[in-house]
>>> print(open('final-v7.cif').read())   # mmCIF, C-alpha atoms
data_protein
#
loop_
_atom_site.label_atom_id
_atom_site.label_comp_id
_atom_site.auth_asym_id
_atom_site.auth_seq_id
_atom_site.Cartn_x
_atom_site.Cartn_y
_atom_site.Cartn_z
CA MET F 1 13.01 11.39 32.18
CA ALA F 2 10.31 8.79 31.46
CA LYS F 3 10.92 6.34 28.66
CA GLN F 4 9.11 6.86 25.34
CA ALA F 5 6.58 4.06 24.98
CA LEU F 6 5.23 2.76 21.67
CA TRP F 7 2.45 0.19 21.19
CA LEU F 8 2.52 -2.05 18.07
CA ARG F 9 -1.04 -3.12 17.39
CA CYS F 10 -2.15 -6.17 15.43
CA GLU F 11 -3.50 -5.83 11.90
CA LYS F 12 -7.20 -6.62 11.42
CA LYS F 13 -7.19 -6.53 7.62
CA GLN F 14 -7.54 -10.05 6.21
CA PHE F 15 -4.28 -11.52 4.82
CA GLU F 16 -2.21 -8.55 6.08
CA ARG F 17 1.00 -10.08 7.42
CA ARG F 18 3.29 -7.02 7.33
CA THR F 19 4.20 -4.84 10.27
CA ALA F 20 5.47 -1.30 10.81
CA ILE F 21 8.00 -2.42 13.44
CA THR F 22 10.05 -5.59 12.94
CA PRO F 23 11.98 -7.26 15.75
CA THR F 24 15.17 -5.76 14.25
CA THR F 25 13.79 -2.23 14.50
CA ALA F 26 12.21 -2.90 17.90
CA LYS F 27 15.61 -3.84 19.34
CA LYS F 28 17.15 -0.61 18.02
CA LEU F 29 14.35 1.41 19.61
CA ILE F 30 14.73 -0.43 22.93
CA ASP F 31 18.49 0.17 22.81
CA ALA F 32 17.69 3.88 22.36
CA GLY F 33 15.56 3.89 25.53
CA PHE F 34 12.05 3.07 24.24
CA ASP F 35 9.51 0.75 25.86
CA ILE F 36 7.92 -1.34 23.08
CA PHE F 37 4.60 -3.09 23.66
CA VAL F 38 3.64 -5.67 21.01
CA GLU F 39 0.19 -7.19 20.64
CA ARG F 40 0.19 -10.94 20.13
CA ASP F 41 -0.71 -11.64 16.51
CA SER F 42 -0.65 -15.03 14.77
CA GLN F 43 -1.24 -13.34 11.39
CA ARG F 44 1.94 -11.24 11.53
CA ILE F 45 4.90 -12.66 9.56
CA PHE F 46 7.17 -12.27 12.62
CA LYS F 47 6.44 -14.57 15.55
CA ASP F 48 5.59 -13.11 18.96
CA GLU F 49 8.67 -14.85 20.37
CA GLU F 50 10.93 -12.89 18.01
CA TYR F 51 9.76 -9.67 19.65
CA GLU F 52 9.97 -11.09 23.16
CA ALA F 53 13.56 -12.20 22.49
CA VAL F 54 14.71 -8.61 21.83
CA GLY F 55 13.03 -7.17 24.93
CA CYS F 56 9.51 -6.21 23.81
CA LYS F 57 6.61 -6.56 26.23
CA LEU F 58 3.88 -8.81 24.77
CA VAL F 59 0.26 -7.75 25.38
CA ASP F 60 -3.09 -9.24 24.42
CA HIS F 61 -4.26 -9.30 20.83
CA ASN F 62 -6.19 -6.17 19.79
CA SER F 63 -5.97 -4.66 23.28
CA TRP F 64 -4.81 -1.19 22.19
CA PRO F 65 -8.18 0.50 22.98
CA ASN F 66 -7.37 -0.16 26.65
CA ALA F 67 -3.77 1.09 26.45
CA PRO F 68 -2.85 4.22 28.42
CA VAL F 69 -3.90 7.22 26.34
CA ASP F 70 -0.42 8.73 26.42
CA ILE F 71 1.14 5.76 24.54
CA PRO F 72 1.16 6.21 20.74
CA ILE F 73 -0.35 3.28 18.80
CA ILE F 74 1.45 2.23 15.64
CA GLY F 75 0.06 -0.03 12.92
CA LEU F 76 -0.01 -0.24 9.15
CA LYS F 77 -3.45 -0.46 7.63
CA GLU F 78 -6.53 1.52 8.55
CA LEU F 79 -8.59 0.55 11.58
CA PRO F 80 -11.87 -1.37 11.09
CA GLU F 81 -14.84 0.91 10.45
CA SER F 82 -16.45 2.19 13.62
CA ASP F 83 -17.91 5.33 15.19
CA GLU F 84 -15.95 4.85 18.41
CA PRO F 85 -13.98 7.99 19.41
CA LEU F 86 -10.18 7.70 19.13
CA PRO F 87 -8.39 9.32 22.11
CA HIS F 88 -4.90 7.94 21.34
CA THR F 89 -2.18 9.16 19.02
CA HIS F 90 -2.19 6.80 16.02
CA ILE F 91 0.62 6.25 13.51
CA GLN F 92 -0.73 4.38 10.46
CA PHE F 93 -1.85 4.56 6.85
CA ALA F 94 -5.35 6.00 7.23
CA HIS F 95 -6.28 6.66 3.58
CA CYS F 96 -8.44 9.66 4.45
CA TYR F 97 -6.52 12.76 3.30
CA LYS F 98 -7.47 12.66 -0.40
CA GLN F 99 -11.25 12.54 0.09
CA GLN F 100 -11.42 8.79 -0.38
CA GLY F 101 -14.73 7.13 0.41
CA GLY F 102 -15.66 7.67 4.08
CA TRP F 103 -12.69 9.99 4.72
CA SER F 104 -14.53 12.48 6.89
CA LYS F 105 -16.07 9.76 9.10
CA VAL F 106 -12.60 8.37 9.82
CA LEU F 107 -11.28 11.78 10.87
CA ALA F 108 -14.44 12.51 12.86
CA ARG F 109 -13.44 9.69 15.23
CA PHE F 110 -10.27 11.61 16.11
CA HIS F 111 -12.30 14.78 16.62
CA ARG F 112 -14.67 13.05 19.02
CA GLY F 113 -11.87 11.38 20.98
CA ASN F 114 -9.44 14.32 20.83
CA GLY F 115 -6.83 11.95 19.40
CA THR F 116 -4.10 12.64 16.84
CA LEU F 117 -3.24 10.95 13.54
CA TYR F 118 0.25 10.82 12.07
CA ASP F 119 -0.40 9.34 8.63
CA LEU F 120 2.58 7.26 7.49
CA GLU F 121 1.92 8.29 3.89
CA PHE F 122 2.67 11.91 4.82
CA LEU F 123 5.80 11.57 6.94
CA THR F 124 8.24 13.28 4.60
CA ASP F 125 11.88 14.36 4.45
CA GLU F 126 13.19 17.86 3.67
CA GLN F 127 12.70 17.24 -0.05
CA GLY F 128 9.07 16.20 0.42
CA ARG F 129 9.75 12.49 -0.21
CA ARG F 130 8.16 9.92 2.05
CA VAL F 131 10.57 8.75 4.75
CA ALA F 132 9.27 5.20 4.44
CA ALA F 133 7.20 3.59 1.72
CA PHE F 134 6.30 0.14 0.44
CA GLY F 135 6.43 1.42 -3.13
CA TYR F 136 9.13 -0.88 -4.50
CA HIS F 137 7.56 -4.07 -3.17
CA ALA F 138 4.07 -2.85 -4.16
CA GLY F 139 5.25 -2.50 -7.76
CA PHE F 140 7.18 -5.78 -7.71
CA ALA F 141 4.24 -7.74 -6.26
CA GLY F 142 1.72 -5.91 -8.45
CA ALA F 143 3.57 -6.84 -11.62
CA ALA F 144 3.72 -10.44 -10.39
CA ALA F 145 -0.03 -10.47 -9.72
CA GLY F 146 -0.61 -9.03 -13.20
CA ALA F 147 1.50 -11.74 -14.81
CA LEU F 148 -0.33 -14.43 -12.82
CA ALA F 149 -3.68 -12.95 -13.87
CA PHE F 150 -2.52 -12.98 -17.51
CA ALA F 151 -1.47 -16.64 -17.23
CA ALA F 152 -4.87 -17.53 -15.72
CA GLU F 153 -6.69 -15.63 -18.49
CA GLN F 154 -4.74 -17.59 -21.12
CA ARG F 155 -6.09 -20.75 -19.51
CA GLY F 156 -9.59 -19.30 -19.68
CA GLU F 157 -10.09 -18.96 -15.93
CA PRO F 158 -10.00 -16.20 -13.30
CA LEU F 159 -6.96 -15.86 -11.04
CA GLY F 160 -7.39 -17.81 -7.80
CA GLN F 161 -6.42 -16.85 -4.26
CA LEU F 162 -2.98 -15.29 -3.86
CA GLU F 163 -0.72 -16.45 -1.03
CA PRO F 164 2.36 -14.66 0.40
CA TYR F 165 5.78 -15.81 -0.78
CA GLU F 166 8.79 -16.53 1.39
CA ASN F 167 10.96 -14.15 -0.67
CA GLU F 168 11.37 -12.44 -4.04
CA ASP F 169 13.11 -15.41 -5.66
CA ALA F 170 10.23 -17.73 -4.78
CA MET F 171 7.77 -15.25 -6.28
CA VAL F 172 9.76 -14.93 -9.52
CA GLU F 173 10.04 -18.70 -9.96
CA SER F 174 6.32 -19.19 -9.30
CA VAL F 175 5.35 -16.55 -11.87
CA LYS F 176 7.70 -17.98 -14.51
CA LYS F 177 6.26 -21.46 -13.95
CA GLU F 178 2.68 -20.20 -14.38
CA LEU F 179 3.72 -18.49 -17.63
CA GLY F 180 5.13 -21.74 -19.00
CA GLY F 181 8.74 -21.05 -18.05
CA SER F 182 9.27 -17.41 -19.00
CA GLY F 183 7.59 -14.05 -19.54
CA LYS F 184 9.46 -13.54 -22.80
CA PRO F 185 6.34 -13.34 -25.05
CA LEU F 186 4.82 -10.52 -22.95
CA LYS F 187 4.61 -6.86 -23.81
CA VAL F 188 3.99 -4.60 -20.82
CA LEU F 189 3.61 -0.92 -19.97
CA VAL F 190 4.48 0.67 -16.62
CA ILE F 191 3.33 4.26 -15.96
CA GLY F 192 5.25 5.91 -13.14
CA ALA F 193 8.31 3.86 -14.10
CA LEU F 194 10.85 6.24 -12.52
CA GLY F 195 9.40 6.08 -9.01
CA ARG F 196 9.95 3.42 -6.35
CA CYS F 197 6.80 1.54 -7.29
CA GLY F 198 7.53 1.66 -11.02
CA ARG F 199 11.09 0.44 -10.51
CA GLY F 200 9.74 -2.55 -8.61
CA ALA F 201 7.32 -3.42 -11.42
CA VAL F 202 10.03 -3.09 -14.08
CA ASP F 203 12.41 -5.27 -12.03
CA LEU F 204 9.83 -8.06 -11.72
CA PHE F 205 9.16 -8.04 -15.47
CA ARG F 206 12.91 -8.24 -16.14
CA LYS F 207 13.37 -11.11 -13.70
CA ILE F 208 10.61 -13.20 -15.29
CA GLY F 209 12.22 -12.75 -18.70
CA VAL F 210 10.26 -10.01 -20.48
CA GLU F 211 12.53 -8.52 -23.14
CA GLU F 212 13.76 -5.00 -22.38
CA ASP F 213 12.26 -3.54 -25.56
CA ASN F 214 8.88 -4.95 -24.54
CA ILE F 215 8.89 -3.22 -21.15
CA LEU F 216 7.53 0.25 -21.96
CA LYS F 217 8.61 2.61 -19.19
CA TRP F 218 6.54 5.78 -19.02
CA ASP F 219 6.75 8.62 -16.59
CA MET F 220 5.76 12.31 -16.56
CA ALA F 221 7.35 13.11 -19.92
CA GLU F 222 5.41 10.39 -21.74
CA THR F 223 2.09 11.23 -20.06
CA ALA F 224 2.42 15.02 -20.37
CA LYS F 225 0.17 15.12 -23.45
CA GLY F 226 -2.72 13.83 -21.33
CA GLY F 227 -4.80 10.67 -21.68
CA PRO F 228 -6.53 8.56 -22.71
CA PHE F 229 -3.63 6.61 -24.23
CA GLN F 230 -4.07 4.21 -27.14
CA GLU F 231 -0.71 2.61 -26.27
CA ILE F 232 -2.24 1.02 -23.16
CA LEU F 233 -4.52 -1.07 -25.37
CA ASP F 234 -1.56 -2.40 -27.35
CA VAL F 235 0.20 -4.29 -24.50
CA ASP F 236 -0.69 -7.46 -22.59
CA ILE F 237 -0.35 -6.00 -19.09
CA PHE F 238 -0.57 -2.37 -17.95
CA VAL F 239 0.68 -1.42 -14.47
CA ASN F 240 -0.31 1.96 -12.99
CA CYS F 241 2.22 3.15 -10.42
CA ILE F 242 1.58 6.89 -10.34
CA TYR F 243 1.12 8.88 -7.16
CA LEU F 244 -2.04 10.89 -7.74
CA SER F 245 -1.80 14.31 -6.14
CA SER F 246 -4.04 16.37 -8.43
CA PRO F 247 -6.74 15.78 -11.06
CA ILE F 248 -5.50 14.40 -14.40
CA PRO F 249 -7.26 13.16 -17.56
CA PRO F 250 -8.01 9.42 -17.43
CA PHE F 251 -5.42 6.99 -18.79
CA LEU F 252 -8.04 4.54 -19.99
CA THR F 253 -11.81 4.79 -20.52
CA GLN F 254 -14.74 2.46 -21.08
CA GLU F 255 -15.37 4.14 -24.45
CA GLN F 256 -11.78 3.42 -25.54
CA ILE F 257 -12.12 -0.25 -24.63
CA ALA F 258 -15.43 -0.55 -26.50
CA ALA F 259 -14.02 1.19 -29.59
CA ALA F 260 -11.02 -1.16 -29.69
CA GLY F 261 -13.34 -4.16 -29.99
CA LYS F 262 -11.67 -7.44 -30.90
CA ASP F 263 -8.38 -5.73 -31.82
CA ARG F 264 -7.48 -4.97 -28.20
CA ARG F 265 -4.34 -6.72 -26.96
CA LEU F 266 -4.66 -5.54 -23.34
CA ARG F 267 -5.82 -8.32 -20.99
CA VAL F 268 -4.79 -7.19 -17.50
CA VAL F 269 -4.67 -3.81 -15.73
CA VAL F 270 -2.84 -3.64 -12.39
CA ASP F 271 -3.78 -0.53 -10.46
CA VAL F 272 -1.08 -0.50 -7.79
CA SER F 273 -2.04 3.06 -6.86
CA CYS F 274 -5.59 1.91 -6.00
CA ASP F 275 -7.25 5.33 -6.11
CA THR F 276 -10.52 3.45 -6.52
CA THR F 277 -12.75 5.80 -4.55
CA ASN F 278 -10.81 8.94 -5.45
CA PRO F 279 -13.02 11.24 -7.55
CA HIS F 280 -10.04 11.71 -9.92
CA ASN F 281 -9.23 8.01 -10.38
CA PRO F 282 -7.31 7.86 -13.72
CA LEU F 283 -8.70 4.37 -14.42
CA PRO F 284 -12.49 4.83 -14.33
CA VAL F 285 -13.12 1.36 -15.76
CA TYR F 286 -13.69 -0.35 -12.42
CA SER F 287 -14.99 0.72 -9.00
CA ILE F 288 -14.01 -1.82 -6.35
CA ASN F 289 -10.82 -2.91 -4.63
CA THR F 290 -9.98 -6.57 -5.13
CA THR F 291 -8.62 -8.92 -2.47
CA PHE F 292 -6.12 -11.74 -2.07
CA SER F 293 -9.01 -14.24 -2.11
CA LYS F 294 -10.51 -12.70 -5.28
CA PRO F 295 -7.63 -10.79 -6.92
CA THR F 296 -9.31 -9.63 -10.12
CA VAL F 297 -12.50 -7.88 -11.18
CA PRO F 298 -13.74 -8.14 -14.79
CA VAL F 299 -14.20 -4.99 -16.85
CA GLU F 300 -17.34 -4.57 -18.95
CA VAL F 301 -15.98 -4.99 -22.49
CA GLY F 302 -19.07 -5.59 -24.62
CA SER F 303 -20.35 -8.79 -26.20
CA GLY F 304 -17.86 -10.86 -28.19
CA ASN F 305 -14.77 -8.89 -27.16
CA PRO F 306 -11.72 -10.39 -25.42
CA PRO F 307 -11.80 -10.32 -21.61
CA LEU F 308 -10.10 -7.65 -19.51
CA SER F 309 -9.52 -7.82 -15.76
CA VAL F 310 -8.23 -5.42 -13.13
CA VAL F 311 -6.05 -6.21 -10.12
CA SER F 312 -6.68 -3.50 -7.49
CA ILE F 313 -5.38 -4.91 -4.20
CA ASP F 314 -4.46 -2.12 -1.82
CA HIS F 315 -1.87 -4.07 0.21
CA LEU F 316 0.13 -5.86 -2.47
CA PRO F 317 3.46 -5.77 -0.57
CA THR F 318 2.08 -8.29 1.90
CA LEU F 319 2.75 -10.89 -0.83
CA LEU F 320 6.39 -10.36 0.33
CA PRO F 321 5.67 -9.62 3.99
CA ARG F 322 9.07 -10.23 5.57
CA GLU F 323 11.23 -8.35 3.04
CA ALA F 324 8.73 -5.50 2.66
CA SER F 325 8.42 -5.05 6.44
CA GLU F 326 12.17 -5.08 7.03
CA GLN F 327 12.78 -2.41 4.40
CA PHE F 328 9.89 -0.18 5.51
CA SER F 329 10.70 -0.48 9.21
CA ALA F 330 14.39 0.29 8.68
CA ASN F 331 13.47 3.42 6.70
CA LEU F 332 10.98 4.52 9.36
CA LEU F 333 13.44 4.05 12.26
CA PRO F 334 15.17 7.48 12.11
CA SER F 335 11.78 9.22 12.35
CA LEU F 336 10.63 6.95 15.20
CA LEU F 337 13.79 7.82 17.11
CA GLU F 338 12.61 11.47 16.97
CA LEU F 339 9.18 10.59 18.38
CA PRO F 340 10.05 11.74 21.94
CA ASN F 341 10.66 15.21 20.45
CA ARG F 342 7.60 15.22 18.21
CA GLN F 343 6.54 18.69 19.36
CA THR F 344 9.65 20.12 17.68
CA ALA F 345 10.98 17.47 15.25
CA ARG F 346 10.15 18.66 11.71
CA VAL F 347 8.87 15.33 10.35
CA TRP F 348 6.28 15.00 13.14
CA VAL F 349 5.38 18.70 13.35
CA GLU F 350 4.57 18.82 9.61
CA ALA F 351 2.55 15.59 9.83
CA GLU F 352 0.51 16.96 12.73
CA ASN F 353 -0.07 20.28 10.95
CA LEU F 354 -1.44 18.37 7.95
CA PHE F 355 -3.67 16.33 10.27
CA ARG F 356 -5.08 19.50 11.85
CA GLN F 357 -5.83 20.91 8.40
CA LYS F 358 -7.62 17.73 7.23
CA LEU F 359 -9.41 17.42 10.56
CA ALA F 360 -10.88 20.91 10.13
CA GLU F 361 -12.12 19.95 6.65
CA ALA F 362 -13.70 16.76 8.03
CA VAL F 363 -15.38 18.58 10.91
CA LYS F 364 -16.93 20.96 8.38
CA ALA F 365 -17.99 18.13 6.05
CA GLU F 366 -19.58 16.20 8.92
CA GLY F 367 -21.24 19.30 10.40
CA LEU F 368 -19.67 18.71 13.81
#
>>> encode(input="final-v7.cif", output="structure tokens")
Amino acid sequence: MAKQALWLRCEKKQFERRTAITPTTAKKLIDAGFDIFVERDSQRIFKDEEYEAVGCKLVDHNSWPNAPVDIPIIGLKELPESDEPLPHTHIQFAHCYKQQGGWSKVLARFHRGNGTLYDLEFLTDEQGRRVAAFGYHAGFAGAAAGALAFAAEQRGEPLGQLEPYENEDAMVESVKKELGGSGKPLKVLVIGALGRCGRGAVDLFRKIGVEEDNILKWDMAETAKGGPFQEILDVDIFVNCIYLSSPIPPFLTQEQIAAAGKDRRLRVVVDVSCDTTNPHNPLPVYSINTTFSKPTVPVEVGSGNPPLSVVSIDHLPTLLPREASEQFSANLLPSLLELPNRQTARVWVEAENLFRQKLAEAVKAEGL
């Protein structure tokens, strides 16, 4: 029986240093009989030599379009925008199943190339939970970015370019230093506090010294009454960690912010969920994703009112690229080991069924 091949592509998104397959995971796949091809990539947190040392076959940077069509291509972030047909099987976060901006054009590429998409966001276990997610590190890094943005605002300046940290401890120490030694004076609110992402945000706030009583932890029970929520305006930093699966009333509105005037305490919103282009975005106070080079976007607050900024970076875990990749890749491994049986293995069958459903919707939307 032929070996199952898998092709790890490079990431083309600026500053993205994470990977779906680490050298640790690659070795376990090779030991299980896989052939692993790895594109050379100087941006990736793991060196090419680390992959070569465990038996991977190095190939040219960004050469996946020329790979044999029967080899699945795995990456993390979405591919650069293009109209080129996609004939391969792709495993990645595609951000096109919830009618985000340009969703149907992305899926149309698979239609034209007769390719398949297994969206990493929708690989789920028997209980419907994602088999692998960056949620914890997204929340942890998002809370850190929020605290850094708050510190910058206190100095009267916007937050400058963010750089990845070697590990969590380095991030915590850096944030504490920017805050003058501790986050103790802060009051913060995390919505979605019981999920992986929310737990990460709460942990960061604890580690920088925010007092437990000043970390408001909300989840479905606290938001059941429906927004908008006045309580958001009464904290320094608000972190949104919810997974949006259906329309909900907004958490915060422009009218709320204007009505609060000079009495508003809120200075920073961190939208870890980044449903920016989703028609049901629960934070309709901004409309663009921010970046590592420009991490915040100002909110229109009205003349004479205190500033308010939003952090809406859609790949926050790359601030901790090594730790985040190792955790994600280890969690993904059991599903990857079932890839040779993807015609019958539940996790892959359900992901392909969802793809076929979304593809049909896209074909209709695009008039193909």
>>> residues_around(input="final-v7.cif", residues="F:Ser287", least_positions_apart="2", cutoff="12 Å", atoms="only C-alpha atoms", output="number ranges by chain")
F: 101, 271, 274-279, 281-285, 289-290, 296-300, 310-312
>>> resolve_selection(input="final-v7.cif", expression="the PyMOL selection byres ((chain F and resi 104-115) around 8)", output="VMD selection string")
chain F and resid 81 83 to 90 96 99 102 to 103 116 to 117 358 to 359 361 to 363 365 to 366
>>> resolve_selection(input="final-v7.cif", expression="the PyMOL selection byres ((chain F and resi 219) around 6)", output="list in words")
Ile191, Gly192, Ala193, Trp218, Met220, Ala221 and Glu222 of chain F
>>> residues_around(input="final-v7.cif", residues="F:Pro228", least_positions_apart="5", cutoff="8 Å", atoms="all atoms listed in the file", output="ChimeraX atom specification")
/F:249-253,256
>>> residues_around(input="final-v7.cif", residues="F:Ala330", least_positions_apart="5", cutoff="12 Å", atoms="all atoms listed in the file", output="PyMOL selection string")
chain F and resi 19-29+131-134+323-325+335-337
>>> residues_around(input="final-v7.cif", residues="F:Ile74", least_positions_apart="6", cutoff="8 Å", atoms="only C-alpha atoms", output="mmCIF file with C-alpha atoms, in the coordinates of the input")
data_model
loop_
_atom_site.group_PDB
_atom_site.id
_atom_site.type_symbol
_atom_site.label_atom_id
_atom_site.label_comp_id
_atom_site.auth_asym_id
_atom_site.auth_seq_id
_atom_site.Cartn_x
_atom_site.Cartn_y
_atom_site.Cartn_z
ATOM 1 C CA LEU F 6 5.230 2.760 21.670
ATOM 2 C CA TRP F 7 2.450 0.190 21.190
ATOM 3 C CA LEU F 8 2.520 -2.050 18.070
ATOM 4 C CA ARG F 9 -1.040 -3.120 17.390
ATOM 5 C CA ALA F 20 5.470 -1.300 10.810
ATOM 6 C CA HIS F 90 -2.190 6.800 16.020
ATOM 7 C CA ILE F 91 0.620 6.250 13.510
ATOM 8 C CA GLN F 92 -0.730 4.380 10.460
#
>>> atom_distance(input="final-v7.cif", atom1="atom CA of F:Lys98", atom2="atom CA of F:Gln254")
24.2 Å
>>> closest_atom_pairs(input="final-v7.cif", of="stretch 95-172 of chain F", to="stretch 339-350 of chain F", cutoff="12 Å", atoms="only C-alpha atoms", output="tab-separated table")
residue	atom	partner	partner_atom	distance
F:Thr116	CA	F:Trp348	CA	11.3
F:Leu117	CA	F:Trp348	CA	10.4
F:Tyr118	CA	F:Trp348	CA	7.4
F:Asp119	CA	F:Trp348	CA	9.8
F:Leu120	CA	F:Trp348	CA	10.3
F:Glu121	CA	F:Val347	CA	11.8
F:Phe122	CA	F:Glu350	CA	8.6
F:Leu123	CA	F:Val347	CA	5.9
F:Thr124	CA	F:Val347	CA	6.1
F:Asp125	CA	F:Val347	CA	6.7
F:Glu126	CA	F:Val347	CA	8.3
F:Gln127	CA	F:Val347	CA	11.2
F:Gly128	CA	F:Val347	CA	10.0
F:Arg129	CA	F:Val347	CA	11.0
F:Arg130	CA	F:Val347	CA	9.9
F:Val131	CA	F:Val347	CA	8.8
F:Ala132	CA	F:Val347	CA	11.7
>>> atom_distance(input="final-v7.cif", atom1="atom CA of F:Ala5", atom2="atom CA of F:Ile30")
9.5 Å
>>> resolve_selection(input="final-v7.cif", expression="the PyMOL selection byres ((chain F and resi 135-144) around 7)", output="PDB file with C-alpha atoms, in the frame of the given file")
ATOM      1  CA  ALA F 133       7.200   3.590   1.720  1.00  0.00           C
ATOM      2  CA  PHE F 134       6.300   0.140   0.440  1.00  0.00           C
ATOM      3  CA  ALA F 145      -0.030 -10.470  -9.720  1.00  0.00           C
ATOM      4  CA  GLY F 146      -0.610  -9.030 -13.200  1.00  0.00           C
ATOM      5  CA  ALA F 147       1.500 -11.740 -14.810  1.00  0.00           C
ATOM      6  CA  LEU F 148      -0.330 -14.430 -12.820  1.00  0.00           C
ATOM      7  CA  VAL F 175       5.350 -16.550 -11.870  1.00  0.00           C
ATOM      8  CA  ARG F 196       9.950   3.420  -6.350  1.00  0.00           C
ATOM      9  CA  CYS F 197       6.800   1.540  -7.290  1.00  0.00           C
ATOM     10  CA  GLY F 198       7.530   1.660 -11.020  1.00  0.00           C
ATOM     11  CA  ARG F 199      11.090   0.440 -10.510  1.00  0.00           C
ATOM     12  CA  GLY F 200       9.740  -2.550  -8.610  1.00  0.00           C
ATOM     13  CA  ALA F 201       7.320  -3.420 -11.420  1.00  0.00           C
ATOM     14  CA  ASP F 203      12.410  -5.270 -12.030  1.00  0.00           C
ATOM     15  CA  LEU F 204       9.830  -8.060 -11.720  1.00  0.00           C
ATOM     16  CA  PHE F 205       9.160  -8.040 -15.470  1.00  0.00           C
ATOM     17  CA  VAL F 239       0.680  -1.420 -14.470  1.00  0.00           C
ATOM     18  CA  CYS F 241       2.220   3.150 -10.420  1.00  0.00           C
ATOM     19  CA  VAL F 270      -2.840  -3.640 -12.390  1.00  0.00           C
ATOM     20  CA  VAL F 272      -1.080  -0.500  -7.790  1.00  0.00           C
ATOM     21  CA  LEU F 316       0.130  -5.860  -2.470  1.00  0.00           C
ATOM     22  CA  PRO F 317       3.460  -5.770  -0.570  1.00  0.00           C
ATOM     23  CA  LEU F 319       2.750 -10.890  -0.830  1.00  0.00           C
ATOM     24  CA  ALA F 324       8.730  -5.500   2.660  1.00  0.00           C
TER      25      ALA F 324
END
>>> atom_distance(input="final-v7.cif", atom1="atom CA of F:Glu212", atom2="atom CA of F:Phe292")
29.2 Å
>>> closest_residue(input="final-v7.cif", among="F:Ile208, F:Leu354, F:Ile242, F:Cys10", to="F:Phe46", atoms="all atoms listed in the file")
F:Cys10
>>> build_atoms(input="final-v7.cif", residues="stretch 355-366 of chain F", atoms="N, CA and C atoms", output="compact mmCIF listing (two decimals), in the coordinates of the input")
# COMPACT_ATOMS: atom_id res chain seq x y z
N PHE F 355 -2.53 16.95 9.60
CA PHE F 355 -3.67 16.33 10.27
C PHE F 355 -4.67 17.38 10.73
N ARG F 356 -4.18 18.46 11.36
CA ARG F 356 -5.08 19.50 11.85
C ARG F 356 -5.86 20.15 10.70
N GLN F 357 -5.17 20.33 9.57
CA GLN F 357 -5.83 20.91 8.40
C GLN F 357 -6.93 19.98 7.88
N LYS F 358 -6.63 18.70 7.74
CA LYS F 358 -7.62 17.73 7.23
C LYS F 358 -8.73 17.51 8.24
N LEU F 359 -8.40 17.58 9.52
CA LEU F 359 -9.41 17.42 10.56
C LEU F 359 -10.44 18.55 10.47
N ALA F 360 -9.96 19.77 10.26
CA ALA F 360 -10.88 20.91 10.13
C ALA F 360 -11.82 20.72 8.94
N GLU F 361 -11.28 20.20 7.84
CA GLU F 361 -12.12 19.95 6.65
C GLU F 361 -13.18 18.88 6.95
N ALA F 362 -12.77 17.85 7.70
CA ALA F 362 -13.70 16.76 8.03
C ALA F 362 -14.80 17.24 8.97
N VAL F 363 -14.40 18.05 9.96
CA VAL F 363 -15.38 18.58 10.91
C VAL F 363 -16.44 19.40 10.16
N LYS F 364 -16.00 20.17 9.20
CA LYS F 364 -16.93 20.96 8.38
C LYS F 364 -17.83 20.06 7.55
N ALA F 365 -17.22 19.04 6.92
CA ALA F 365 -17.99 18.13 6.05
C ALA F 365 -19.03 17.35 6.84
N GLU F 366 -18.68 17.00 8.09
CA GLU F 366 -19.58 16.20 8.92
C GLU F 366 -20.56 17.07 9.71
